[in-house]
$ cat my_file04.cif   # mmCIF, C-alpha atoms
data_protein
loop_
_atom_site.group_PDB
_atom_site.id
_atom_site.type_symbol
_atom_site.label_atom_id
_atom_site.label_comp_id
_atom_site.auth_asym_id
_atom_site.auth_seq_id
_atom_site.Cartn_x
_atom_site.Cartn_y
_atom_site.Cartn_z
ATOM 1 C CA MET E 1 35.680 -51.181 -66.309
ATOM 2 C CA ALA E 2 32.970 -50.873 -68.948
ATOM 3 C CA ARG E 3 30.703 -53.166 -66.918
ATOM 4 C CA ILE E 4 31.190 -51.022 -63.818
ATOM 5 C CA LEU E 5 30.339 -47.852 -65.709
ATOM 6 C CA PHE E 6 27.258 -49.512 -67.187
ATOM 7 C CA ALA E 7 26.135 -50.642 -63.729
ATOM 8 C CA LEU E 8 26.574 -47.141 -62.322
ATOM 9 C CA MET E 9 24.606 -45.638 -65.196
ATOM 10 C CA TRP E 10 21.833 -48.197 -64.657
ATOM 11 C CA VAL E 11 21.607 -47.374 -60.943
ATOM 12 C CA MET E 12 21.480 -43.649 -61.712
ATOM 13 C CA ALA E 13 18.781 -44.198 -64.316
ATOM 14 C CA CYS E 14 16.696 -46.185 -61.848
ATOM 15 C CA GLY E 15 17.092 -43.431 -59.277
ATOM 16 C CA GLN E 16 15.905 -40.864 -61.797
ATOM 17 C CA LEU E 17 12.894 -42.964 -62.624
ATOM 18 C CA GLN E 18 11.967 -43.058 -58.941
ATOM 19 C CA ALA E 19 12.302 -39.309 -58.430
ATOM 20 C CA GLN E 20 9.048 -37.776 -57.277
ATOM 21 C CA THR E 21 7.641 -34.247 -57.372
ATOM 22 C CA LEU E 22 5.491 -33.256 -54.394
ATOM 23 C CA LEU E 23 3.159 -30.283 -54.757
ATOM 24 C CA VAL E 24 2.112 -28.720 -51.455
ATOM 25 C CA LEU E 25 -1.225 -26.932 -51.649
ATOM 26 C CA GLY E 26 -1.814 -25.166 -48.367
ATOM 27 C CA ASP E 27 -2.512 -21.983 -46.478
ATOM 28 C CA SER E 28 -0.476 -19.844 -44.062
ATOM 29 C CA LEU E 29 0.634 -22.911 -42.083
ATOM 30 C CA SER E 30 2.682 -23.943 -45.123
ATOM 31 C CA ALA E 31 3.282 -20.565 -46.766
ATOM 32 C CA GLY E 32 5.699 -19.231 -44.151
ATOM 33 C CA TYR E 33 3.437 -16.701 -42.455
ATOM 34 C CA GLN E 34 5.382 -13.629 -41.223
ATOM 35 C CA MET E 35 8.746 -15.074 -42.235
ATOM 36 C CA GLN E 36 10.922 -15.364 -45.303
ATOM 37 C CA ALA E 37 9.666 -17.988 -47.748
ATOM 38 C CA GLU E 38 12.932 -19.906 -47.471
ATOM 39 C CA GLN E 39 12.286 -20.363 -43.740
ATOM 40 C CA SER E 40 9.016 -22.249 -44.258
ATOM 41 C CA TRP E 41 8.915 -25.988 -43.688
ATOM 42 C CA PRO E 42 8.276 -26.795 -47.394
ATOM 43 C CA ALA E 43 11.364 -24.793 -48.405
ATOM 44 C CA LEU E 44 13.406 -26.491 -45.688
ATOM 45 C CA LEU E 45 12.247 -29.935 -46.813
ATOM 46 C CA ASP E 46 13.021 -29.258 -50.456
ATOM 47 C CA ARG E 47 16.458 -27.943 -49.487
ATOM 48 C CA GLN E 48 17.060 -31.103 -47.473
ATOM 49 C CA TRP E 49 16.106 -33.248 -50.459
ATOM 50 C CA GLN E 50 18.369 -31.283 -52.795
ATOM 51 C CA GLN E 51 21.292 -31.551 -50.402
ATOM 52 C CA ALA E 52 20.691 -35.305 -50.276
ATOM 53 C CA GLY E 53 21.069 -35.594 -54.037
ATOM 54 C CA GLY E 54 17.857 -34.172 -55.419
ATOM 55 C CA GLN E 55 15.964 -37.433 -55.739
ATOM 56 C CA HIS E 56 12.703 -35.662 -54.888
ATOM 57 C CA GLN E 57 11.466 -32.136 -55.510
ATOM 58 C CA LEU E 58 8.947 -30.088 -53.544
ATOM 59 C CA VAL E 59 6.912 -27.280 -55.090
ATOM 60 C CA ASN E 60 5.136 -25.048 -52.581
ATOM 61 C CA ALA E 61 1.913 -23.520 -53.927
ATOM 62 C CA SER E 62 0.618 -22.464 -50.514
ATOM 63 C CA ILE E 63 -0.917 -19.018 -49.970
ATOM 64 C CA SER E 64 -1.708 -17.342 -46.662
ATOM 65 C CA GLY E 65 -5.447 -16.960 -46.218
ATOM 66 C CA GLU E 66 -6.248 -19.673 -48.780
ATOM 67 C CA THR E 67 -9.601 -21.443 -48.542
ATOM 68 C CA THR E 68 -10.577 -24.765 -50.043
ATOM 69 C CA GLN E 69 -12.639 -22.935 -52.680
ATOM 70 C CA GLY E 70 -9.726 -20.725 -53.686
ATOM 71 C CA ALA E 71 -7.375 -23.695 -53.896
ATOM 72 C CA LEU E 72 -9.884 -25.698 -55.909
ATOM 73 C CA THR E 73 -10.018 -22.862 -58.414
ATOM 74 C CA ARG E 74 -6.208 -22.721 -58.683
ATOM 75 C CA LEU E 75 -5.586 -26.453 -58.768
ATOM 76 C CA PRO E 76 -6.111 -27.208 -62.495
ATOM 77 C CA VAL E 77 -3.446 -24.693 -63.523
ATOM 78 C CA LEU E 78 -1.045 -25.873 -60.814
ATOM 79 C CA LEU E 79 -1.351 -29.508 -61.877
ATOM 80 C CA LYS E 80 -0.816 -28.619 -65.520
ATOM 81 C CA GLN E 81 2.159 -26.387 -64.719
ATOM 82 C CA HIS E 82 4.038 -28.614 -62.278
ATOM 83 C CA LYS E 83 2.852 -32.117 -63.245
ATOM 84 C CA PRO E 84 3.404 -33.501 -59.721
ATOM 85 C CA ASP E 85 3.495 -37.155 -58.790
ATOM 86 C CA TRP E 86 2.072 -36.358 -55.368
ATOM 87 C CA LEU E 87 -0.238 -33.651 -54.035
ATOM 88 C CA LEU E 88 -0.214 -32.788 -50.325
ATOM 89 C CA ILE E 89 -3.352 -30.871 -49.350
ATOM 90 C CA GLU E 90 -3.049 -28.765 -46.196
ATOM 91 C CA LEU E 91 -6.290 -26.813 -46.319
ATOM 92 C CA GLY E 92 -9.483 -26.169 -44.427
ATOM 93 C CA GLY E 93 -8.200 -24.061 -41.559
ATOM 94 C CA ASN E 94 -9.423 -20.774 -43.017
ATOM 95 C CA ASP E 95 -12.764 -22.352 -43.876
ATOM 96 C CA GLY E 96 -13.144 -23.329 -40.239
ATOM 97 C CA LEU E 97 -11.934 -20.025 -38.818
ATOM 98 C CA ARG E 98 -14.517 -18.247 -40.968
ATOM 99 C CA GLY E 99 -17.256 -20.611 -39.878
ATOM 100 C CA PHE E 100 -17.930 -22.081 -43.316
ATOM 101 C CA PRO E 101 -20.305 -25.059 -43.304
ATOM 102 C CA PRO E 102 -18.242 -28.253 -42.987
ATOM 103 C CA ALA E 103 -20.192 -29.750 -45.884
ATOM 104 C CA ILE E 104 -18.764 -27.088 -48.215
ATOM 105 C CA THR E 105 -15.214 -27.724 -47.056
ATOM 106 C CA ARG E 106 -15.703 -31.452 -47.488
ATOM 107 C CA GLN E 107 -17.126 -30.994 -50.980
ATOM 108 C CA ASN E 108 -14.209 -28.829 -52.116
ATOM 109 C CA LEU E 109 -11.610 -31.221 -50.740
ATOM 110 C CA ALA E 110 -13.388 -34.174 -52.350
ATOM 111 C CA LYS E 111 -13.289 -32.411 -55.723
ATOM 112 C CA MET E 112 -9.529 -31.868 -55.360
ATOM 113 C CA LEU E 113 -8.998 -35.534 -54.590
ATOM 114 C CA THR E 114 -11.049 -36.528 -57.607
ATOM 115 C CA MET E 115 -9.223 -34.084 -59.872
ATOM 116 C CA ALA E 116 -5.850 -35.441 -58.808
ATOM 117 C CA LYS E 117 -6.968 -39.053 -59.158
ATOM 118 C CA GLN E 118 -8.222 -38.449 -62.681
ATOM 119 C CA GLN E 119 -4.726 -37.279 -63.618
ATOM 120 C CA GLY E 120 -2.968 -40.188 -61.931
ATOM 121 C CA ILE E 121 -1.635 -38.042 -59.084
ATOM 122 C CA HIS E 122 -1.343 -39.490 -55.595
ATOM 123 C CA THR E 123 -2.708 -37.366 -52.763
ATOM 124 C CA ILE E 124 -2.004 -36.896 -49.071
ATOM 125 C CA LEU E 125 -4.533 -35.162 -46.849
ATOM 126 C CA THR E 126 -3.462 -33.227 -43.776
ATOM 127 C CA GLN E 127 -5.598 -33.324 -40.652
ATOM 128 C CA ILE E 128 -6.583 -29.808 -39.576
ATOM 129 C CA GLN E 129 -7.603 -28.771 -36.087
ATOM 130 C CA LEU E 130 -9.268 -25.560 -34.923
ATOM 131 C CA PRO E 131 -9.070 -23.618 -31.652
ATOM 132 C CA PRO E 132 -11.469 -25.002 -29.041
ATOM 133 C CA ASN E 133 -13.636 -21.869 -28.895
ATOM 134 C CA TYR E 134 -15.610 -22.862 -31.996
ATOM 135 C CA GLY E 135 -17.891 -25.187 -30.083
ATOM 136 C CA ALA E 136 -17.818 -28.939 -29.685
ATOM 137 C CA ARG E 137 -20.437 -29.681 -32.342
ATOM 138 C CA TYR E 138 -18.774 -27.606 -35.058
ATOM 139 C CA LEU E 139 -15.306 -28.900 -34.168
ATOM 140 C CA ARG E 140 -16.501 -32.500 -34.302
ATOM 141 C CA GLN E 141 -18.111 -32.051 -37.719
ATOM 142 C CA PHE E 142 -15.154 -30.122 -39.112
ATOM 143 C CA GLU E 143 -12.333 -32.310 -37.867
ATOM 144 C CA GLN E 144 -14.078 -35.498 -38.969
ATOM 145 C CA ILE E 145 -13.945 -34.334 -42.585
ATOM 146 C CA PHE E 146 -10.324 -35.346 -43.010
ATOM 147 C CA PRO E 147 -10.253 -38.937 -41.726
ATOM 148 C CA ASP E 148 -13.535 -39.616 -43.491
ATOM 149 C CA LEU E 149 -12.257 -38.394 -46.869
ATOM 150 C CA ALA E 150 -8.934 -40.176 -46.447
ATOM 151 C CA SER E 151 -10.689 -43.437 -45.633
ATOM 152 C CA GLU E 152 -13.268 -43.153 -48.413
ATOM 153 C CA ASN E 153 -10.590 -42.414 -51.005
ATOM 154 C CA GLY E 154 -7.926 -44.758 -49.676
ATOM 155 C CA ARG E 155 -5.491 -41.889 -49.165
ATOM 156 C CA PRO E 156 -2.931 -41.386 -46.358
ATOM 157 C CA LEU E 157 -3.795 -38.837 -43.671
ATOM 158 C CA LEU E 158 -0.932 -36.764 -42.296
ATOM 159 C CA PRO E 159 -1.625 -36.039 -38.594
ATOM 160 C CA PHE E 160 -1.990 -32.365 -37.703
ATOM 161 C CA PHE E 161 1.608 -31.213 -37.614
ATOM 162 C CA LEU E 162 1.043 -28.558 -34.947
ATOM 163 C CA ASP E 163 -0.525 -30.908 -32.424
ATOM 164 C CA ASP E 164 2.426 -30.791 -30.021
ATOM 165 C CA ILE E 165 3.860 -27.473 -31.238
ATOM 166 C CA ALA E 166 0.815 -25.275 -30.634
ATOM 167 C CA THR E 167 1.069 -25.964 -26.897
ATOM 168 C CA ARG E 168 4.586 -24.469 -26.759
ATOM 169 C CA PRO E 169 4.305 -20.648 -26.694
ATOM 170 C CA GLU E 170 7.972 -20.214 -27.605
ATOM 171 C CA LEU E 171 7.220 -21.838 -30.980
ATOM 172 C CA MET E 172 4.016 -19.946 -31.755
ATOM 173 C CA LEU E 173 3.196 -16.384 -32.741
ATOM 174 C CA ASN E 174 1.057 -14.322 -30.384
ATOM 175 C CA ASP E 175 -2.097 -15.256 -32.290
ATOM 176 C CA GLY E 176 -1.701 -18.836 -31.076
ATOM 177 C CA ILE E 177 -2.442 -20.116 -34.573
ATOM 178 C CA HIS E 178 0.727 -19.699 -36.611
ATOM 179 C CA PRO E 179 4.095 -21.313 -35.907
ATOM 180 C CA LYS E 180 7.255 -19.241 -35.707
ATOM 181 C CA ALA E 181 10.327 -19.769 -37.850
ATOM 182 C CA GLU E 182 11.828 -21.756 -34.967
ATOM 183 C CA ALA E 183 9.060 -24.348 -35.369
ATOM 184 C CA GLN E 184 9.594 -24.891 -39.084
ATOM 185 C CA PRO E 185 12.424 -27.462 -38.811
ATOM 186 C CA LEU E 186 10.265 -29.484 -36.415
ATOM 187 C CA ILE E 187 7.373 -29.432 -38.878
ATOM 188 C CA ARG E 188 9.738 -30.332 -41.727
ATOM 189 C CA ASP E 189 10.955 -33.375 -39.841
ATOM 190 C CA LYS E 190 7.411 -34.498 -39.006
ATOM 191 C CA VAL E 191 6.267 -34.207 -42.602
ATOM 192 C CA ALA E 192 9.420 -35.875 -43.904
ATOM 193 C CA ARG E 193 8.967 -38.895 -41.641
ATOM 194 C CA PHE E 194 5.438 -39.363 -42.956
ATOM 195 C CA VAL E 195 5.917 -38.489 -46.615
ATOM 196 C CA GLU E 196 9.279 -39.956 -47.566
ATOM 197 C CA PRO E 197 8.250 -43.619 -47.181
ATOM 198 C CA LEU E 198 5.318 -42.916 -49.500
ATOM 199 C CA LEU E 199 7.547 -41.368 -52.148
ATOM 200 C CA ALA E 200 10.115 -44.173 -52.022
#
$ encode --input "my_file04.cif" --output "structure tokens"
Amino acid sequence: MARILFALMWVMACGQLQAQTLLVLGDSLSAGYQMQAEQSWPALLDRQWQQAGGQHQLVNASISGETTQGALTRLPVLLKQHKPDWLLIELGGNDGLRGFPPAITRQNLAKMLTMAKQQGIHTILTQIQLPPNYGARYLRQFEQIFPDLASENGRPLLPFFLDDIATRPELMLNDGIHPKAEAQPLIRDKVARFVEPLLA
């Protein structure tokens, strides 16, 4: 009996050692725009993890309207406060919508990656896409930022999680940019399929 109890305690200890904290640093796509915070995909994913035994924890530091510069300014405090194992960066959309030079967006994202690396934090970049009315040249320069940075830094690149949701009007708000609450479980499942093997 004592051996069984010891074995169970050892397994539980190993599980605790493997527990990971994921910090999501994003904009309105992750902040739950025009819905209750608990309806957003990060809240749904964290709830799913807790219901499964709480091996992992998700902290959502996303803010609607956030730019890469604003997030870069906030990041040092967030890393110190939450001490995450992983950082998921879902940013750049507001930079693009405001027509910021892609070089600035790239520079800010690169600084975040460096900051996380210096503190031993793993990072995941999220591919961001813009509406097609921004012109082919700008879109090409902007959207290439993410695979380039992921490749240069050896980091995983989460595909744009609205790529097959944005084409379904019943899942999108009238602005055509933000997903409805009904889309959040779909986004949660997409992110979970990509992220969970990395956290294991």
$ resolve_selection --input "my_file04.cif" --expression "the PyMOL selection byres ((chain E and resi 125-129) around 10)" --output "JSON, numbers by chain"
{"E": [26, 87, 88, 89, 90, 91, 92, 93, 96, 109, 113, 123, 124, 130, 131, 132, 139, 140, 142, 143, 144, 145, 146, 147, 149, 150, 155, 156, 157, 158, 159, 160, 161, 162, 163, 191]}
$ resolve_selection --input "my_file04.cif" --expression "the PyMOL selection byres ((chain E and resi 184) around 9)" --output "list in words"
Gly32, Gln39, Ser40, Trp41, Pro42, Leu44, Leu171, Pro179, Lys180, Ala181, Glu182, Ala183, Pro185, Leu186, Ile187, Arg188 and Asp189 of chain E
$ residues_near_point --input "my_file04.cif" --point "(-14.4, -28.2, -51.8)" --cutoff "12 Å" --atoms "all atoms listed in the file" --output "ChimeraX atom specification"
/E:67-73,75,89,91-92,95,100-115,145,149
$ residues_around --input "my_file04.cif" --residues "Leu58 (chain E)" --least-positions-apart "6" --cutoff "9 Å" --atoms "only C-alpha atoms" --output "ChimeraX atom specification"
/E:20-24,42-43,45-47,49,84
$ closest_residue --input "my_file04.cif" --among "E:Glu38, E:Asp27, E:Asp85, E:Glu170" --to "Ile63 (chain E)" --atoms "all atoms listed in the file"
E:Asp27
$ atom_distance --input "my_file04.cif" --atom1 "CA of Arg168 (chain E)" --atom2 "CA of Arg98 (chain E)"
24.6 Å
$ atom_distance --input "my_file04.cif" --atom1 "CA of Lys83 (chain E)" --atom2 "CA of Gln55 (chain E)"
16.0 Å
$ atom_distance --input "my_file04.cif" --atom1 "CA of Leu25 (chain E)" --atom2 "CA of Ser62 (chain E)"
5.0 Å
$ closest_residue --input "my_file04.cif" --among "E:His56, E:Gln50, E:Tyr33, E:Pro169" --to "Pro197 (chain E)" --atoms "all atoms listed in the file"
E:His56
$ resolve_selection --input "my_file04.cif" --expression "the PyMOL selection byres ((chain E and resi 198) around 10)" --output "PDB file with C-alpha atoms, keeping the file's coordinate frame"
ATOM      1  CA  TRP E  86       2.072 -36.358 -55.368  1.00  0.00           C
ATOM      2  CA  HIS E 122      -1.343 -39.490 -55.595  1.00  0.00           C
ATOM      3  CA  ILE E 124      -2.004 -36.896 -49.071  1.00  0.00           C
ATOM      4  CA  PRO E 156      -2.931 -41.386 -46.358  1.00  0.00           C
ATOM      5  CA  ALA E 192       9.420 -35.875 -43.904  1.00  0.00           C
ATOM      6  CA  ARG E 193       8.967 -38.895 -41.641  1.00  0.00           C
ATOM      7  CA  PHE E 194       5.438 -39.363 -42.956  1.00  0.00           C
ATOM      8  CA  VAL E 195       5.917 -38.489 -46.615  1.00  0.00           C
ATOM      9  CA  GLU E 196       9.279 -39.956 -47.566  1.00  0.00           C
ATOM     10  CA  PRO E 197       8.250 -43.619 -47.181  1.00  0.00           C
ATOM     11  CA  LEU E 199       7.547 -41.368 -52.148  1.00  0.00           C
ATOM     12  CA  ALA E 200      10.115 -44.173 -52.022  1.00  0.00           C
TER      13      ALA E 200
END
$ closest_residue --input "my_file04.cif" --among "E:Asn94, E:Ser64, E:Gln141, E:Ala136" --to "Gln34 (chain E)" --atoms "only C-alpha atoms"
E:Ser64
$ residues_around --input "my_file04.cif" --residues "His178 (chain E)" --least-positions-apart "4" --cutoff "8 Å" --atoms "all atoms listed in the file" --output "PyMOL selection string"
chain E and resi 28-29+33+172-173
